[in-house]
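Novice: What follows is a structure written as structure tokens; I'll ask about it next.
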Amino acid sequence: MDDRVTWPERLKDVDRSDDGLRAWVAERIHRLEADGRRSADTHLVAVDLPASWDIHLYLKDESTHASGSLKHRLARSLFLFALVNGQLRPGMPVIEASSGSTAVSEAHVARMLDIPFIAVIPRGTSTRKIALIEAAGGHCHVVESAESMSREAQRLADERGGLFLDQFTHAERATDWRGNNSIAVSALAQLELEPHPVPRWIVVGAGTGGTSATFGRLLRYRSLPTSLCVADVENSAFFEGWVQQDPTLTTDHGSRIEGIGRARRSSRASCPESWTG
Ligand SMILES: Cc1ncc(COP(=O)(O)O)c(C=O)c1O
């Protein structure tokens with residue numbers, strides 16, 4: 001051997017893999033998949049309108065999910081996203097800022113996965129919603145104002161070594177818009193045997209923006225001529241921000257309708273063709 005050749009120092013290996021943790025994550029992903037396999041799709045209801053209007057209207061009824069709303073899809077997606085990102089470990093609590101349906105659905109999914117769940121909710125949250133979160137095994141942590149919910153959720157996560165799921169930041173990227181848990185894939189498949197399988201318009205509300213982003217992405221991906229309209233509510237920053245092309249725009253009051261409308265835009269949301277304010 002030529003002793004003029006100098007070999008580099010031995011490379012260091014850093015192996016943080018953990019077979020126990022890998023099995024724990026795999027079991028949870030399996031439970032989510034099995035739950036999905038056992039569940040039926042939600043109905044696309046055809047609404048009869050006067051024939052002279054020449055309008056075919058369909059409503060996607062998301063209330064028949066096991067946890068009662070379209071947030072069931074989001075809760076599954078957020079937990080799956082955290083699991084595949086390696087952000088969850090056994091015993092680690094999951095925390096969410098939500099006064100409504102998201103917390104109910106996340107409590108439901110957390111119990112399915114044996115993960116402790118805390119919902120940070122504003123004072124004044126309906127007793128019915130609190131009862132639903134608790135019935136699903138979640139705990140409620142009350143804050144004085146809706147504005148401080150996310151801050152408090154992050155503080156609690158830091159204090160308890162937990163994970164703040166943060167629906168408003170992560171909904172649009174956690175949602176598998178092309179996959180089988182996608183509301184958009186489902187609705188378009190359900191329209192396939194209808195007189196007009198490709199709709200002229202899809203109209204959707206926006207809370208996190210996850211649902212509208214899911215529809216928008218799938219419509220563009222499939223190169224469909226369908227237009228997307230996001231209907232926004234009073235006191236929400238989405239519509240004004242869209243009109244003025246200013247994503248930083250905020251409103252003084254929050255929306256009065258639970259689940260839709262936001263005082264500030266926090267995600268990249270969607271890029272629809274139309275907004276209705
Ligand atoms: C009636 C209705 N439409 C649409 C949405 C869309 O929600 P997101 O933008 O968070 O996907 C919601 C959220 O709760 C809703 O209640």
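Letters for chains follow the order of the structure tokens (A, B, ...), residue numbers begin at 1 for each chain, and ligand numbers begin at 1 in the order shown.
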Residues of range 42-85 of chain A in strand (DSSP E or B) according to DSSP, as a PyMOL selection string?

Specialist: chain A and resi 43-47+57-61

Novice: For the selection you just gave me, I'd like the residues written to a file as a short mmCIF file (atom, residue, chain, number, x, y, z; two decimals), in the first residue's frame, keeping N, CA and C atoms.

Specialist:
```
data_model
loop_
_atom_site.label_atom_id
_atom_site.label_comp_id
_atom_site.auth_asym_id
_atom_site.auth_seq_id
_atom_site.Cartn_x
_atom_site.Cartn_y
_atom_site.Cartn_z
N HIS A 43 -72.35 11.95 3.10
CA HIS A 43 -73.26 12.05 1.94
C HIS A 43 -73.05 13.34 1.17
N LEU A 44 -73.27 13.25 -0.14
CA LEU A 44 -73.40 14.45 -0.96
C LEU A 44 -74.90 14.53 -1.29
N VAL A 45 -75.58 15.48 -0.70
CA VAL A 45 -77.04 15.53 -0.79
C VAL A 45 -77.45 16.42 -1.97
N ALA A 46 -78.30 15.87 -2.85
CA ALA A 46 -78.80 16.67 -3.98
C ALA A 46 -79.99 17.47 -3.49
N VAL A 47 -79.97 18.78 -3.71
CA VAL A 47 -81.06 19.65 -3.25
C VAL A 47 -81.95 19.98 -4.45
N LEU A 57 -77.84 21.80 -7.34
CA LEU A 57 -77.13 22.14 -6.09
C LEU A 57 -76.91 20.89 -5.25
N TYR A 58 -75.70 20.75 -4.73
CA TYR A 58 -75.38 19.61 -3.86
C TYR A 58 -74.75 20.13 -2.58
N LEU A 59 -75.10 19.52 -1.46
CA LEU A 59 -74.49 19.89 -0.17
C LEU A 59 -73.72 18.70 0.38
N LYS A 60 -72.49 18.95 0.79
CA LYS A 60 -71.69 17.87 1.39
C LYS A 60 -71.99 17.88 2.88
N ASP A 61 -72.61 16.81 3.36
CA ASP A 61 -73.03 16.75 4.77
C ASP A 61 -71.93 16.12 5.62
#
```

Novice: I'd like a table as CSV: residues in chain A with an atom no more than 6 Å from ligand 1, each row giving the shortest atom pair and its distance in Å to one decimal, only C-alpha atoms and all ligand atoms counted, sorted by chain and rising residue number.

Specialist:
```
residue,atom,partner,partner_atom_place_in_ligand_line,distance
A:Val204,CA,ligand 1,4 (C),5.7
A:Gly205,CA,ligand 1,4 (C),3.9
A:Ala206,CA,ligand 1,9 (O),3.5
A:Gly207,CA,ligand 1,9 (O),3.6
A:Thr208,CA,ligand 1,10 (O),3.5
A:Gly209,CA,ligand 1,9 (O),3.4
A:Gly210,CA,ligand 1,11 (O),3.9
A:Thr211,CA,ligand 1,11 (O),3.6
A:Gly259,CA,ligand 1,14 (O),3.6
A:Ile260,CA,ligand 1,13 (C),5.2
```

Novice: I'd like the contact shell of Glu106 in chain A - 9 Å cut-off, only C-alpha atoms, skipping same-chain residues fewer than 3 positions apart - returned as a PyMOL selection string.

Specialist: chain A and resi 67+71-72+74-76+78-79+96+101-103+109-111+117+119+133+136+138

Novice: Print the selection's residues with C-alpha atoms to a file, as a short mmCIF file (atom, residue, chain, number, x, y, z; two decimals), in the first residue's frame.

Specialist:
```cif
data_model
loop_
_atom_site.label_atom_id
_atom_site.label_comp_id
_atom_site.auth_asym_id
_atom_site.auth_seq_id
_atom_site.Cartn_x
_atom_site.Cartn_y
_atom_site.Cartn_z
CA SER A 67 -66.97 13.18 15.96
CA LYS A 71 -63.04 18.72 11.64
CA HIS A 72 -62.91 14.93 11.95
CA LEU A 74 -58.62 17.68 10.01
CA ALA A 75 -58.03 16.00 13.38
CA ARG A 76 -56.97 12.77 11.66
CA LEU A 78 -53.04 16.78 12.07
CA PHE A 79 -52.30 13.73 14.22
CA GLU A 96 -54.89 22.63 20.74
CA SER A 101 -65.53 21.34 16.66
CA THR A 102 -61.78 20.92 16.11
CA ALA A 103 -61.21 20.26 19.82
CA VAL A 109 -58.76 10.99 17.76
CA ALA A 110 -56.41 11.45 20.76
CA ARG A 111 -58.39 8.89 22.72
CA PHE A 117 -55.35 15.84 25.04
CA ALA A 119 -58.08 21.94 24.62
CA ILE A 133 -64.55 17.43 24.62
CA ALA A 136 -64.14 12.17 24.42
CA GLY A 138 -60.05 15.57 26.66
#
```

Novice: Kindly give the distance, in Å, that separates CA of Val233 in chain A and CA of Arg265 in chain A, rounded to a single decimal.

Specialist: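 If I compute the distance from CA of Val233 in chain A to CA of Arg265 in chain A, I get 13.5 Å.
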
Novice: Taking only C-alpha atoms into account, which of A:Ala187, A:Leu224, A:Ala97, A:Ala107 comes nearest Asp41 in chain A?

Specialist: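 Going through A:Ala187, A:Leu224, A:Ala97, A:Ala107 one by one, the smallest distance to Asp41 in chain A is for A:Ala187.
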
Novice: DSSP says helix (DSSP H, G or I) for which residues of range 197-253 of chain A? Put them as an NGL selection string?

Specialist: :A and (210-221 or 237-243)

Novice: Can you spit out the residues from that selection as a PDB file, in the first residue's frame, using N, CA and C atoms?

Specialist:
```
ATOM      1  N   GLY A 210     -58.134  25.390   5.428  1.00  0.00           N
ATOM      2  CA  GLY A 210     -57.716  24.048   4.997  1.00  0.00           C
ATOM      3  C   GLY A 210     -58.645  23.451   3.950  1.00  0.00           C
ATOM      4  N   THR A 211     -59.948  23.604   4.148  1.00  0.00           N
ATOM      5  CA  THR A 211     -60.897  22.984   3.223  1.00  0.00           C
ATOM      6  C   THR A 211     -60.834  23.673   1.860  1.00  0.00           C
ATOM      7  N   SER A 212     -60.801  24.997   1.864  1.00  0.00           N
ATOM      8  CA  SER A 212     -60.753  25.711   0.582  1.00  0.00           C
ATOM      9  C   SER A 212     -59.432  25.439  -0.137  1.00  0.00           C
ATOM     10  N   ALA A 213     -58.331  25.363   0.617  1.00  0.00           N
ATOM     11  CA  ALA A 213     -57.031  25.063  -0.008  1.00  0.00           C
ATOM     12  C   ALA A 213     -57.058  23.669  -0.626  1.00  0.00           C
ATOM     13  N   THR A 214     -57.697  22.730   0.064  1.00  0.00           N
ATOM     14  CA  THR A 214     -57.790  21.349  -0.440  1.00  0.00           C
ATOM     15  C   THR A 214     -58.548  21.312  -1.770  1.00  0.00           C
ATOM     16  N   PHE A 215     -59.682  22.009  -1.819  1.00  0.00           N
ATOM     17  CA  PHE A 215     -60.443  22.055  -3.082  1.00  0.00           C
ATOM     18  C   PHE A 215     -59.630  22.768  -4.164  1.00  0.00           C
ATOM     19  N   GLY A 216     -59.056  23.909  -3.812  1.00  0.00           N
ATOM     20  CA  GLY A 216     -58.322  24.689  -4.810  1.00  0.00           C
ATOM     21  C   GLY A 216     -57.180  23.895  -5.423  1.00  0.00           C
ATOM     22  N   ARG A 217     -56.431  23.205  -4.569  1.00  0.00           N
ATOM     23  CA  ARG A 217     -55.281  22.439  -5.074  1.00  0.00           C
ATOM     24  C   ARG A 217     -55.733  21.312  -5.990  1.00  0.00           C
ATOM     25  N   LEU A 218     -56.797  20.592  -5.583  1.00  0.00           N
ATOM     26  CA  LEU A 218     -57.235  19.457  -6.397  1.00  0.00           C
ATOM     27  C   LEU A 218     -57.792  19.940  -7.741  1.00  0.00           C
ATOM     28  N   LEU A 219     -58.531  21.041  -7.722  1.00  0.00           N
ATOM     29  CA  LEU A 219     -59.103  21.549  -8.984  1.00  0.00           C
ATOM     30  C   LEU A 219     -57.989  21.932  -9.957  1.00  0.00           C
ATOM     31  N   ARG A 220     -56.951  22.609  -9.441  1.00  0.00           N
ATOM     32  CA  ARG A 220     -55.840  22.984 -10.327  1.00  0.00           C
ATOM     33  C   ARG A 220     -55.074  21.751 -10.794  1.00  0.00           C
ATOM     34  N   TYR A 221     -54.843  20.818  -9.859  1.00  0.00           N
ATOM     35  CA  TYR A 221     -54.086  19.606 -10.190  1.00  0.00           C
ATOM     36  C   TYR A 221     -54.771  18.822 -11.307  1.00  0.00           C
ATOM     37  N   ALA A 237     -61.180  38.664   8.344  1.00  0.00           N
ATOM     38  CA  ALA A 237     -60.120  39.369   7.601  1.00  0.00           C
ATOM     39  C   ALA A 237     -59.866  38.765   6.219  1.00  0.00           C
ATOM     40  N   PHE A 238     -60.415  37.595   5.954  1.00  0.00           N
ATOM     41  CA  PHE A 238     -60.105  36.937   4.677  1.00  0.00           C
ATOM     42  C   PHE A 238     -60.529  37.781   3.470  1.00  0.00           C
ATOM     43  N   PHE A 239     -61.806  38.229   3.488  1.00  0.00           N
ATOM     44  CA  PHE A 239     -62.347  38.910   2.300  1.00  0.00           C
ATOM     45  C   PHE A 239     -61.624  40.233   2.044  1.00  0.00           C
ATOM     46  N   GLU A 240     -61.521  41.074   3.100  1.00  0.00           N
ATOM     47  CA  GLU A 240     -60.864  42.377   2.925  1.00  0.00           C
ATOM     48  C   GLU A 240     -59.397  42.186   2.515  1.00  0.00           C
ATOM     49  N   GLY A 241     -58.746  41.210   3.128  1.00  0.00           N
ATOM     50  CA  GLY A 241     -57.341  40.932   2.800  1.00  0.00           C
ATOM     51  C   GLY A 241     -57.190  40.527   1.336  1.00  0.00           C
ATOM     52  N   TRP A 242     -58.173  39.793   0.839  1.00  0.00           N
ATOM     53  CA  TRP A 242     -58.164  39.344  -0.563  1.00  0.00           C
ATOM     54  C   TRP A 242     -58.401  40.522  -1.499  1.00  0.00           C
ATOM     55  N   VAL A 243     -59.398  41.360  -1.149  1.00  0.00           N
ATOM     56  CA  VAL A 243     -59.728  42.523  -1.993  1.00  0.00           C
ATOM     57  C   VAL A 243     -58.517  43.460  -2.074  1.00  0.00           C
TER      58      VAL A 243
END
```

Novice: Just give me the gap between CA of Ile118 in chain A and CA of Val94 in chain A in Å, one decimal is fine.

Specialist: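 Separation of CA of Ile118 in chain A and CA of Val94 in chain A: 6.3 Å.
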
Novice: In Å, how far is it from CA of Pro122 in chain A to CA of Arg264 in chain A?

Specialist: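 These two atoms are separated by 17.2 Å.
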
Novice: Skipping near chain neighbours, those fewer than 4 positions away, what residues fall within 10 Å of Ser39 in chain A using only C-alpha atoms, listed as an MDAnalysis selection string?

Specialist: chainID A and resid 33:35 65:66

Novice: I'd like the contact shell of range 142-157 of chain A - 7 Å cut-off, only C-alpha atoms, skipping same-chain residues fewer than 2 positions apart - returned as a list in words.

Specialist: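 So the residues in contact are Ile95, Glu96, Ala97, Val120, Ile121, Pro122, Arg123, Cys140, Glu159, Arg160, Gly161, Gly162, Leu163 and Phe164 of chain A.
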
Novice: Calculated over only C-alpha atoms, which of the candidates A:Phe168, A:Thr248, A:His141, A:Asn181 has the smallest distance to Thr42 in chain A?

Specialist: A:Asn181

Novice: Hey, what's within 7 Å of range 14-26 of chain A if we count only C-alpha atoms and toss same-chain stuff fewer than 2 positions away? As a JSON list (two decimals) with N, CA and C atoms, in the first residue's frame, please?

Specialist:
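And here is the file that came out, part17.json:
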```json
[["chain", "number", "residue", "atom", "x", "y", "z"],
["A", 12, "LYS", "N", -17.97, 9.73, 11.89],
["A", 12, "LYS", "CA", -18.75, 9.42, 13.08],
["A", 12, "LYS", "C", -20.18, 9.09, 12.68],
["A", 28, "ARG", "N", -49.90, 3.60, 15.96],
["A", 28, "ARG", "CA", -50.86, 4.71, 15.91],
["A", 28, "ARG", "C", -51.31, 5.00, 14.47],
["A", 29, "ILE", "N", -50.37, 4.92, 13.56],
["A", 29, "ILE", "CA", -50.74, 5.13, 12.15],
["A", 29, "ILE", "C", -51.70, 4.02, 11.71],
["A", 30, "HIS", "N", -51.41, 2.80, 12.18],
["A", 30, "HIS", "CA", -52.29, 1.67, 11.86],
["A", 30, "HIS", "C", -53.70, 1.91, 12.40],
["A", 83, "LEU", "N", -47.37, 12.55, 13.72],
["A", 83, "LEU", "CA", -46.74, 11.22, 13.88],
["A", 83, "LEU", "C", -45.64, 11.00, 12.84],
["A", 89, "ARG", "N", -44.41, 11.36, 21.07],
["A", 89, "ARG", "CA", -43.80, 10.24, 21.81],
["A", 89, "ARG", "C", -44.82, 9.75, 22.83]]
```
